[in-house]
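For reference, the structure is listed below as structure tokens.
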Amino acid sequence: MPKGIFITGTDTGVGKTFIACGLAALLRDFGYRVGVMKPAESGCTERDGQLFPEDAVLLKKASGCEVPLDKICAYQLREPLAPSVAAERQNITIDIEKLIDTYNEISSSHDFTLVEGAGGLMVPLLPSYTYADFARVLKLPLVVVAANRLGMINHLLLTLEHARCKGLRVLGYVLNQVESELSLAAGINREALATLTAVPCAGEFSYFAGSETDEIGGLNWFADRFDLRRIESVLKQ
Ligand SMILES: Nc1ncnc2c1ncn2[C@@H]1O[C@H](COP(=O)(O)OP(=O)(O)O)[C@@H](O)[C@H]1O
Ligand SMILES: [Mg+2]
């Protein structure tokens, strides 16, 4: 049985890392040993002559996961492109078997493991292999993060529909307001979704004005908004 979840989203920049870090920090605070993985990260900039996988670093920090960074994120890619394309252009071959072994290793030494995708569910990890295929092979249920703005209903429903087509279980979706201005759509979307999908909402996040989710204030803020009952089936493994 899975001891983890796969965090995907309706797009890039919708808050997958933000929500994953909040959840990692919260579960860590409850005493869980939290593992994290960001199998491939593209758009890594260079720091001190080395590529810097920012998401993986944030996930590691929030979770306290002691796995080395190059295992948490095995494929650190330079160009801001889908991982399969960025890897090809960097002459790197993404080895799915290796990623599966790494996931098994991380999840076997932690109570709960969070795996963050890149972009959305249909982003390719290999030229004809997407994150949906990867989540399926890991047997991980999904939490889908959706940017709560105009257009979200369509993006979210398409993602949920694709998850269904691929036989993926979705534990819940998270509505996340990434812009500081509350749009008319953002205030109304949740209600509209209730009649459009049977998948439950796992949380609704307003724009967070603080700096870091792992500070106590941020942790309480997160805890008040994330419905842990949605991931209870995984936490109780
Ligand atoms: N609810 C929120 N309030 C404030 N800032 C947010 C919120 N959600 C995400 N962000 C910020 O938006 C940016 C994109 O979020 P991120 O988690 O990196 O997206 P993704 O992982 O989906 O690409 C980051 O700078 C993040 O800190
Ligand atoms: Mg991210």
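Just so we're on the same page: first chain in the structure tokens is A, next is B, and so on; residues restart at 1 for each chain, and ligands are numbered from 1 in the order they show up.
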**Request:** Please identify the residues whose atoms come within 6 Å of ligand 1, using only C-alpha atoms and all ligand atoms, and report them as a list of chain:residue names.
**Result:**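 These are the residues that qualify: A:Thr12, A:Gly13, A:Val14, A:Gly15, A:Lys16, A:Thr17, A:Phe18, A:Asn176, A:Gln177, A:Val178, A:Phe205, A:Ser206, A:Tyr207, A:Phe208.
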What does the file look like for those residues with C-alpha atoms, as a compact mmCIF listing (two decimals), in the first residue's frame?
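Written file, result.txt:
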# COMPACT_ATOMS: atom_id res chain seq x y z
CA THR A 12 3.43 25.16 -13.46
CA GLY A 13 3.56 27.95 -10.86
CA VAL A 14 0.25 26.97 -9.24
CA GLY A 15 1.64 26.22 -5.78
CA LYS A 16 2.64 22.54 -5.85
CA THR A 17 5.88 23.21 -3.96
CA PHE A 18 4.14 25.68 -1.65
CA ASN A 176 -4.74 27.90 -4.18
CA GLN A 177 -4.81 31.62 -4.71
CA VAL A 178 -1.41 32.50 -6.16
CA PHE A 205 -5.79 28.62 0.36
CA SER A 206 -5.93 32.36 0.15
CA TYR A 207 -2.86 34.37 -0.81
CA PHE A 208 -0.29 34.00 1.97
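Excluding range 120-129 of chain A itself and any same-chain residue fewer than 5 positions from it, the protein and nucleic acid residues within 6 Å of it, counting only C-alpha atoms, are Thr8, Gly9, Thr10, Asp11, Pro83 and Ser84 of chain A.
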Take the residues from that selection and put them in a file with C-alpha atoms, as a PDB file, in the first residue's frame.
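Result file follows (result.pdb):
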ATOM      1  CA  THR A   8       0.485  17.390  -9.187  1.00  0.00           C
ATOM      2  CA  GLY A   9      -1.135  20.572 -10.412  1.00  0.00           C
ATOM      3  CA  THR A  10      -3.108  22.195 -13.153  1.00  0.00           C
ATOM      4  CA  ASP A  11       0.023  23.957 -14.431  1.00  0.00           C
ATOM      5  CA  PRO A  83      11.901  17.398 -18.188  1.00  0.00           C
ATOM      6  CA  SER A  84      12.042  15.015 -21.170  1.00  0.00           C
TER       7      SER A  84
END
**Request:** To one decimal in Å, tell me the separation between CA of Tyr131 in chain A and CA of Ile7 in chain A.
**Result:**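 Taking CA of Tyr131 in chain A and CA of Ile7 in chain A, their separation equals 10.4 Å.
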**Request:** Mind the document's chain letters and residue numbers, and return as a PyMOL selection string the residues of range 19-188 of chain A that DSSP labels alpha helix (DSSP H).
**Result:** chain A and resi 19-29+54-63+69-72+83-89+96-108+131-137+152-165+184-188
For the selection just defined, write its residues with C-alpha atoms to a file, as a PDB file, in the first residue's frame.
ATOM      1  CA  ILE A  19       1.453  23.162  -0.665  1.00  0.00           C
ATOM      2  CA  ALA A  20       3.857  20.203  -0.545  1.00  0.00           C
ATOM      3  CA  CYS A  21       6.181  22.132   1.788  1.00  0.00           C
ATOM      4  CA  GLY A  22       3.295  23.184   4.024  1.00  0.00           C
ATOM      5  CA  LEU A  23       2.081  19.611   4.261  1.00  0.00           C
ATOM      6  CA  ALA A  24       5.589  18.243   4.824  1.00  0.00           C
ATOM      7  CA  ALA A  25       6.209  20.742   7.636  1.00  0.00           C
ATOM      8  CA  LEU A  26       2.848  20.018   9.243  1.00  0.00           C
ATOM      9  CA  LEU A  27       3.293  16.240   9.218  1.00  0.00           C
ATOM     10  CA  ARG A  28       6.839  16.621  10.478  1.00  0.00           C
ATOM     11  CA  ASP A  29       5.483  18.732  13.317  1.00  0.00           C
ATOM     12  CA  GLU A  54      15.109  25.152  -5.722  1.00  0.00           C
ATOM     13  CA  ASP A  55      11.959  23.050  -5.269  1.00  0.00           C
ATOM     14  CA  ALA A  56      13.955  20.080  -4.019  1.00  0.00           C
ATOM     15  CA  VAL A  57      15.840  22.318  -1.589  1.00  0.00           C
ATOM     16  CA  LEU A  58      12.582  23.772  -0.229  1.00  0.00           C
ATOM     17  CA  LEU A  59      11.032  20.306   0.098  1.00  0.00           C
ATOM     18  CA  LYS A  60      14.101  18.976   1.899  1.00  0.00           C
ATOM     19  CA  LYS A  61      14.106  21.901   4.300  1.00  0.00           C
ATOM     20  CA  ALA A  62      10.381  21.765   5.077  1.00  0.00           C
ATOM     21  CA  SER A  63      10.340  18.008   5.614  1.00  0.00           C
ATOM     22  CA  LEU A  69      19.738  16.355  -2.486  1.00  0.00           C
ATOM     23  CA  ASP A  70      20.969  14.523  -5.578  1.00  0.00           C
ATOM     24  CA  LYS A  71      18.742  11.609  -4.611  1.00  0.00           C
ATOM     25  CA  ILE A  72      15.732  13.744  -3.736  1.00  0.00           C
ATOM     26  CA  PRO A  83      11.901  17.398 -18.188  1.00  0.00           C
ATOM     27  CA  SER A  84      12.042  15.015 -21.170  1.00  0.00           C
ATOM     28  CA  VAL A  85      13.001  17.889 -23.483  1.00  0.00           C
ATOM     29  CA  ALA A  86      15.367  19.616 -21.044  1.00  0.00           C
ATOM     30  CA  ALA A  87      17.101  16.280 -20.362  1.00  0.00           C
ATOM     31  CA  GLU A  88      17.524  15.475 -24.030  1.00  0.00           C
ATOM     32  CA  ARG A  89      19.058  18.889 -24.683  1.00  0.00           C
ATOM     33  CA  ILE A  96      12.636   5.533 -14.747  1.00  0.00           C
ATOM     34  CA  GLU A  97      13.815   2.316 -13.068  1.00  0.00           C
ATOM     35  CA  LYS A  98      16.371   4.301 -11.122  1.00  0.00           C
ATOM     36  CA  LEU A  99      13.678   6.765 -10.027  1.00  0.00           C
ATOM     37  CA  ILE A 100      11.440   3.908  -8.924  1.00  0.00           C
ATOM     38  CA  ASP A 101      14.288   2.393  -6.893  1.00  0.00           C
ATOM     39  CA  THR A 102      14.954   5.773  -5.292  1.00  0.00           C
ATOM     40  CA  TYR A 103      11.287   6.225  -4.427  1.00  0.00           C
ATOM     41  CA  ASN A 104      11.191   2.744  -2.867  1.00  0.00           C
ATOM     42  CA  GLU A 105      14.301   3.520  -0.869  1.00  0.00           C
ATOM     43  CA  ILE A 106      12.984   6.869   0.389  1.00  0.00           C
ATOM     44  CA  SER A 107       9.478   5.645   1.149  1.00  0.00           C
ATOM     45  CA  SER A 108      10.721   2.559   2.978  1.00  0.00           C
ATOM     46  CA  TYR A 131       4.053  12.070 -14.909  1.00  0.00           C
ATOM     47  CA  ALA A 132       0.666  10.338 -14.936  1.00  0.00           C
ATOM     48  CA  ASP A 133       2.447   7.132 -16.034  1.00  0.00           C
ATOM     49  CA  PHE A 134       5.038   7.649 -13.321  1.00  0.00           C
ATOM     50  CA  ALA A 135       2.454   8.207 -10.557  1.00  0.00           C
ATOM     51  CA  ARG A 136       0.712   5.063 -11.703  1.00  0.00           C
ATOM     52  CA  VAL A 137       3.823   2.939 -11.651  1.00  0.00           C
ATOM     53  CA  MET A 152      -9.338  26.969 -13.132  1.00  0.00           C
ATOM     54  CA  ILE A 153     -12.539  24.932 -13.431  1.00  0.00           C
ATOM     55  CA  ASN A 154     -11.590  23.788 -16.915  1.00  0.00           C
ATOM     56  CA  HIS A 155      -7.956  23.064 -16.024  1.00  0.00           C
ATOM     57  CA  LEU A 156      -8.876  21.180 -12.886  1.00  0.00           C
ATOM     58  CA  LEU A 157     -11.645  19.097 -14.467  1.00  0.00           C
ATOM     59  CA  LEU A 158      -9.359  18.161 -17.387  1.00  0.00           C
ATOM     60  CA  THR A 159      -6.695  17.066 -14.918  1.00  0.00           C
ATOM     61  CA  LEU A 160      -9.175  15.018 -12.885  1.00  0.00           C
ATOM     62  CA  GLU A 161     -10.524  13.461 -16.061  1.00  0.00           C
ATOM     63  CA  HIS A 162      -7.062  12.483 -17.226  1.00  0.00           C
ATOM     64  CA  ALA A 163      -6.289  11.005 -13.813  1.00  0.00           C
ATOM     65  CA  ARG A 164      -9.447   8.914 -14.127  1.00  0.00           C
ATOM     66  CA  CYS A 165      -8.462   7.761 -17.639  1.00  0.00           C
ATOM     67  CA  LEU A 184     -14.376  37.246  -8.807  1.00  0.00           C
ATOM     68  CA  ALA A 185     -13.768  33.674 -10.049  1.00  0.00           C
ATOM     69  CA  ALA A 186     -11.533  32.775  -7.087  1.00  0.00           C
ATOM     70  CA  GLY A 187     -14.296  33.641  -4.644  1.00  0.00           C
ATOM     71  CA  ILE A 188     -16.902  31.496  -6.406  1.00  0.00           C
TER      72      ILE A 188
END
**Item:** Who sits within 7 Å of Lys3 in chain A, only C-alpha atoms, same chain under 5 positions skipped, as a PyMOL selection string
**Value:** chain A and resi 107+111-113+234+237
Write the selection just made, keeping all heavy atoms, as a PDB file, in the first residue's frame?
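Just written: result-v6.pdb:
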ATOM      1  N   SER A 107      10.754   5.912   0.468  1.00  0.00           N
ATOM      2  CA  SER A 107       9.478   5.645   1.149  1.00  0.00           C
ATOM      3  C   SER A 107       9.624   4.543   2.200  1.00  0.00           C
ATOM      4  O   SER A 107       8.893   4.540   3.191  1.00  0.00           O
ATOM      5  CB  SER A 107       8.368   5.315   0.156  1.00  0.00           C
ATOM      6  OG  SER A 107       8.630   4.097  -0.465  1.00  0.00           O
ATOM      7  N   ASP A 111       7.779   7.588   7.101  1.00  0.00           N
ATOM      8  CA  ASP A 111       6.375   7.238   7.361  1.00  0.00           C
ATOM      9  C   ASP A 111       5.484   7.678   6.201  1.00  0.00           C
ATOM     10  O   ASP A 111       4.434   7.087   5.943  1.00  0.00           O
ATOM     11  CB  ASP A 111       5.877   7.947   8.629  1.00  0.00           C
ATOM     12  CG  ASP A 111       6.710   7.571   9.839  1.00  0.00           C
ATOM     13  OD1 ASP A 111       7.006   6.366   9.993  1.00  0.00           O
ATOM     14  OD2 ASP A 111       7.088   8.484  10.597  1.00  0.00           O
ATOM     15  N   PHE A 112       5.912   8.742   5.557  1.00  0.00           N
ATOM     16  CA  PHE A 112       5.057   9.350   4.532  1.00  0.00           C
ATOM     17  C   PHE A 112       5.976  10.057   3.536  1.00  0.00           C
ATOM     18  O   PHE A 112       6.894  10.786   3.936  1.00  0.00           O
ATOM     19  CB  PHE A 112       4.147  10.378   5.221  1.00  0.00           C
ATOM     20  CG  PHE A 112       3.136  11.024   4.324  1.00  0.00           C
ATOM     21  CD1 PHE A 112       1.895  10.444   4.110  1.00  0.00           C
ATOM     22  CD2 PHE A 112       3.429  12.224   3.678  1.00  0.00           C
ATOM     23  CE1 PHE A 112       0.961  11.048   3.285  1.00  0.00           C
ATOM     24  CE2 PHE A 112       2.494  12.829   2.847  1.00  0.00           C
ATOM     25  CZ  PHE A 112       1.259  12.236   2.657  1.00  0.00           C
ATOM     26  N   THR A 113       5.754   9.823   2.248  1.00  0.00           N
ATOM     27  CA  THR A 113       6.624  10.441   1.244  1.00  0.00           C
ATOM     28  C   THR A 113       5.808  11.272   0.262  1.00  0.00           C
ATOM     29  O   THR A 113       4.763  10.836  -0.229  1.00  0.00           O
ATOM     30  CB  THR A 113       7.444   9.359   0.497  1.00  0.00           C
ATOM     31  OG1 THR A 113       8.249   8.678   1.456  1.00  0.00           O
ATOM     32  CG2 THR A 113       8.348   9.972  -0.564  1.00  0.00           C
ATOM     33  N   VAL A 234      -3.808   7.356   3.638  1.00  0.00           N
ATOM     34  CA  VAL A 234      -2.373   7.132   3.435  1.00  0.00           C
ATOM     35  C   VAL A 234      -1.624   7.257   4.762  1.00  0.00           C
ATOM     36  O   VAL A 234      -0.720   6.468   5.049  1.00  0.00           O
ATOM     37  CB  VAL A 234      -1.807   8.151   2.406  1.00  0.00           C
ATOM     38  CG1 VAL A 234      -0.347   7.875   2.143  1.00  0.00           C
ATOM     39  CG2 VAL A 234      -2.605   8.103   1.114  1.00  0.00           C
ATOM     40  N   GLN A 237      -1.450   4.063   6.998  1.00  0.00           N
ATOM     41  CA  GLN A 237      -0.802   2.824   6.527  1.00  0.00           C
ATOM     42  C   GLN A 237       0.136   2.286   7.579  1.00  0.00           C
ATOM     43  O   GLN A 237       0.888   3.036   8.167  1.00  0.00           O
ATOM     44  CB  GLN A 237       0.007   3.079   5.256  1.00  0.00           C
ATOM     45  CG  GLN A 237      -0.822   3.546   4.083  1.00  0.00           C
ATOM     46  CD  GLN A 237      -1.851   2.530   3.648  1.00  0.00           C
ATOM     47  OE1 GLN A 237      -1.551   1.344   3.613  1.00  0.00           O
ATOM     48  NE2 GLN A 237      -3.039   2.967   3.350  1.00  0.00           N
TER      49      GLN A 237
END
So which residues touch range 41-47 of chain A within 9 Å, counting only C-alpha atoms, skipping near sequence neighbours fewer than 4 positions away, as an mmCIF file with N, CA, C and O atoms, in the first residue's frame?
data_model
loop_
_atom_site.group_PDB
_atom_site.id
_atom_site.type_symbol
_atom_site.label_atom_id
_atom_site.label_comp_id
_atom_site.auth_asym_id
_atom_site.auth_seq_id
_atom_site.Cartn_x
_atom_site.Cartn_y
_atom_site.Cartn_z
ATOM 1 N N LEU A 51 24.252 23.448 -10.510
ATOM 2 C CA LEU A 51 22.817 23.662 -10.705
ATOM 3 C C LEU A 51 22.118 23.556 -9.348
ATOM 4 O O LEU A 51 22.475 22.727 -8.513
ATOM 5 N N PHE A 52 21.112 24.427 -9.158
ATOM 6 C CA PHE A 52 20.439 24.514 -7.863
ATOM 7 C C PHE A 52 18.954 24.170 -8.035
ATOM 8 O O PHE A 52 18.189 24.956 -8.601
ATOM 9 N N PRO A 53 18.543 22.986 -7.558
ATOM 10 C CA PRO A 53 17.131 22.599 -7.695
ATOM 11 C C PRO A 53 16.296 23.199 -6.558
ATOM 12 O O PRO A 53 16.167 22.605 -5.488
ATOM 13 N N GLU A 54 15.758 24.373 -6.787
ATOM 14 C CA GLU A 54 15.109 25.152 -5.722
ATOM 15 C C GLU A 54 13.944 24.408 -5.057
ATOM 16 O O GLU A 54 13.827 24.413 -3.821
ATOM 17 N N ASP A 55 13.100 23.769 -5.859
ATOM 18 C CA ASP A 55 11.959 23.050 -5.269
ATOM 19 C C ASP A 55 12.451 21.957 -4.332
ATOM 20 O O ASP A 55 11.958 21.811 -3.200
ATOM 21 N N ALA A 56 13.423 21.192 -4.819
ATOM 22 C CA ALA A 56 13.955 20.080 -4.019
ATOM 23 C C ALA A 56 14.563 20.601 -2.717
ATOM 24 O O ALA A 56 14.387 19.989 -1.654
ATOM 25 N N CYS A 73 16.379 14.846 -5.777
ATOM 26 C CA CYS A 73 16.188 15.318 -7.150
ATOM 27 C C CYS A 73 17.333 14.782 -8.011
ATOM 28 O O CYS A 73 18.403 15.394 -8.085
ATOM 29 N N ALA A 74 17.079 13.627 -8.645
ATOM 30 C CA ALA A 74 18.143 12.955 -9.407
ATOM 31 C C ALA A 74 18.455 13.685 -10.710
ATOM 32 O O ALA A 74 19.575 13.635 -11.192
ATOM 33 N N TYR A 75 17.453 14.349 -11.259
ATOM 34 C CA TYR A 75 17.667 15.013 -12.556
ATOM 35 C C TYR A 75 17.493 16.519 -12.406
ATOM 36 O O TYR A 75 16.376 17.027 -12.341
ATOM 37 N N GLN A 76 18.615 17.187 -12.310
ATOM 38 C CA GLN A 76 18.632 18.641 -12.141
ATOM 39 C C GLN A 76 18.940 19.237 -13.512
ATOM 40 O O GLN A 76 20.048 19.078 -14.026
ATOM 41 N N LEU A 77 17.942 19.879 -14.085
ATOM 42 C CA LEU A 77 18.030 20.264 -15.495
ATOM 43 C C LEU A 77 18.073 21.772 -15.645
ATOM 44 O O LEU A 77 17.392 22.509 -14.926
ATOM 45 N N ARG A 78 18.857 22.186 -16.606
ATOM 46 C CA ARG A 78 19.143 23.607 -16.751
ATOM 47 C C ARG A 78 17.992 24.403 -17.371
ATOM 48 O O ARG A 78 17.581 25.430 -16.842
ATOM 49 N N GLU A 79 17.476 23.913 -18.475
ATOM 50 C CA GLU A 79 16.541 24.755 -19.227
ATOM 51 C C GLU A 79 15.108 24.657 -18.692
ATOM 52 O O GLU A 79 14.671 23.582 -18.267
ATOM 53 N N PRO A 80 14.381 25.765 -18.722
ATOM 54 C CA PRO A 80 13.000 25.744 -18.219
ATOM 55 C C PRO A 80 12.061 25.125 -19.259
ATOM 56 O O PRO A 80 11.307 25.823 -19.948
ATOM 57 N N LEU A 81 12.171 23.801 -19.377
ATOM 58 C CA LEU A 81 11.401 23.047 -20.369
ATOM 59 C C LEU A 81 10.853 21.800 -19.695
ATOM 60 O O LEU A 81 11.301 21.438 -18.606
ATOM 61 N N ALA A 82 9.929 21.125 -20.366
ATOM 62 C CA ALA A 82 9.454 19.853 -19.824
ATOM 63 C C ALA A 82 10.678 18.953 -19.601
ATOM 64 O O ALA A 82 11.599 18.948 -20.431
ATOM 65 N N PRO A 83 10.704 18.186 -18.495
ATOM 66 C CA PRO A 83 11.901 17.398 -18.188
ATOM 67 C C PRO A 83 12.418 16.530 -19.339
ATOM 68 O O PRO A 83 13.622 16.471 -19.559
ATOM 69 N N ALA A 86 14.188 19.013 -21.672
ATOM 70 C CA ALA A 86 15.367 19.616 -21.044
ATOM 71 C C ALA A 86 16.478 18.578 -20.890
ATOM 72 O O ALA A 86 17.655 18.876 -21.115
ATOM 73 N N ALA A 87 16.102 17.340 -20.544
ATOM 74 C CA ALA A 87 17.101 16.280 -20.362
ATOM 75 C C ALA A 87 17.779 15.956 -21.691
ATOM 76 O O ALA A 87 19.014 15.877 -21.766
ATOM 77 N N GLY A 117 5.553 16.475 -8.834
ATOM 78 C CA GLY A 117 5.759 16.408 -10.280
ATOM 79 C C GLY A 117 6.377 17.696 -10.797
ATOM 80 O O GLY A 117 6.951 18.494 -10.043
ATOM 81 N N ALA A 118 6.281 17.893 -12.093
ATOM 82 C CA ALA A 118 6.728 19.153 -12.711
ATOM 83 C C ALA A 118 5.593 19.576 -13.631
ATOM 84 O O ALA A 118 5.074 18.747 -14.389
#
**Prompt:** If we count only C-alpha atoms, what is near Arg229 in chain A at a cut-off of 10 Å, once residues fewer than 3 positions away on the same chain are taken out, given as a PyMOL selection string?
**Reply:** chain A and resi 171-172+202+226+232-235
Take the residues from that selection and put them in a file with N, CA, C and O atoms, as an mmCIF file, in the first residue's frame.
data_model
loop_
_atom_site.group_PDB
_atom_site.id
_atom_site.type_symbol
_atom_site.label_atom_id
_atom_site.label_comp_id
_atom_site.auth_asym_id
_atom_site.auth_seq_id
_atom_site.Cartn_x
_atom_site.Cartn_y
_atom_site.Cartn_z
ATOM 1 N N LEU A 171 -7.042 11.898 -4.210
ATOM 2 C CA LEU A 171 -7.511 12.046 -2.826
ATOM 3 C C LEU A 171 -8.267 13.350 -2.646
ATOM 4 O O LEU A 171 -9.192 13.441 -1.841
ATOM 5 N N GLY A 172 -7.848 14.359 -3.387
ATOM 6 C CA GLY A 172 -8.520 15.649 -3.281
ATOM 7 C C GLY A 172 -7.802 16.692 -4.108
ATOM 8 O O GLY A 172 -6.689 16.463 -4.589
ATOM 9 N N ALA A 202 -9.596 19.370 -0.810
ATOM 10 C CA ALA A 202 -8.730 19.102 0.354
ATOM 11 C C ALA A 202 -8.251 20.388 1.003
ATOM 12 O O ALA A 202 -7.499 20.347 1.985
ATOM 13 N N PHE A 226 -5.728 23.043 5.364
ATOM 14 C CA PHE A 226 -5.606 21.740 4.700
ATOM 15 C C PHE A 226 -6.422 20.702 5.456
ATOM 16 O O PHE A 226 -6.282 20.530 6.660
ATOM 17 N N GLU A 232 -5.975 10.834 5.062
ATOM 18 C CA GLU A 232 -6.003 9.916 6.209
ATOM 19 C C GLU A 232 -5.710 8.470 5.819
ATOM 20 O O GLU A 232 -4.969 7.760 6.506
ATOM 21 N N SER A 233 -6.251 8.067 4.663
ATOM 22 C CA SER A 233 -6.079 6.678 4.225
ATOM 23 C C SER A 233 -4.597 6.360 4.033
ATOM 24 O O SER A 233 -4.168 5.233 4.229
ATOM 25 N N VAL A 234 -3.808 7.356 3.638
ATOM 26 C CA VAL A 234 -2.373 7.132 3.435
ATOM 27 C C VAL A 234 -1.624 7.257 4.762
ATOM 28 O O VAL A 234 -0.720 6.468 5.049
ATOM 29 N N LEU A 235 -2.054 8.202 5.591
ATOM 30 C CA LEU A 235 -1.363 8.418 6.872
ATOM 31 C C LEU A 235 -1.506 7.209 7.804
ATOM 32 O O LEU A 235 -0.655 6.952 8.632
#
**Message:** Please list as a ChimeraX atom specification every residue within 7 Å of Ile5 in chain A, counting only C-alpha atoms and excluding residues in the same chain fewer than 6 positions away.
**Reply:** /A:113-115,140-143
**Request:** List every residue of range 53-120 of chain A that DSSP, applied to the backbone, labels as strand (DSSP E or B), and write the result as an MDAnalysis selection string.
**Result:** chainID A and resid 75:76 112:120
**Message:** Between CA of Leu193 in chain A and atom 1 (Mg, counted along the ligand's line) of ligand 2, what distance in Å does the model show, to one decimal?
**Reply:**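 Between CA of Leu193 in chain A and atom 1 (Mg, counted along the ligand's line) of ligand 2 the gap works out to 24.3 Å.
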**Prompt:** Restricting the calculation to only C-alpha atoms, which member of A:Asn220, A:Leu168, A:Glu191, A:Gly64 is positioned closest to Val34 in chain A?
**Reply:**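 Smallest separation from Val34 in chain A among the options: A:Gly64.
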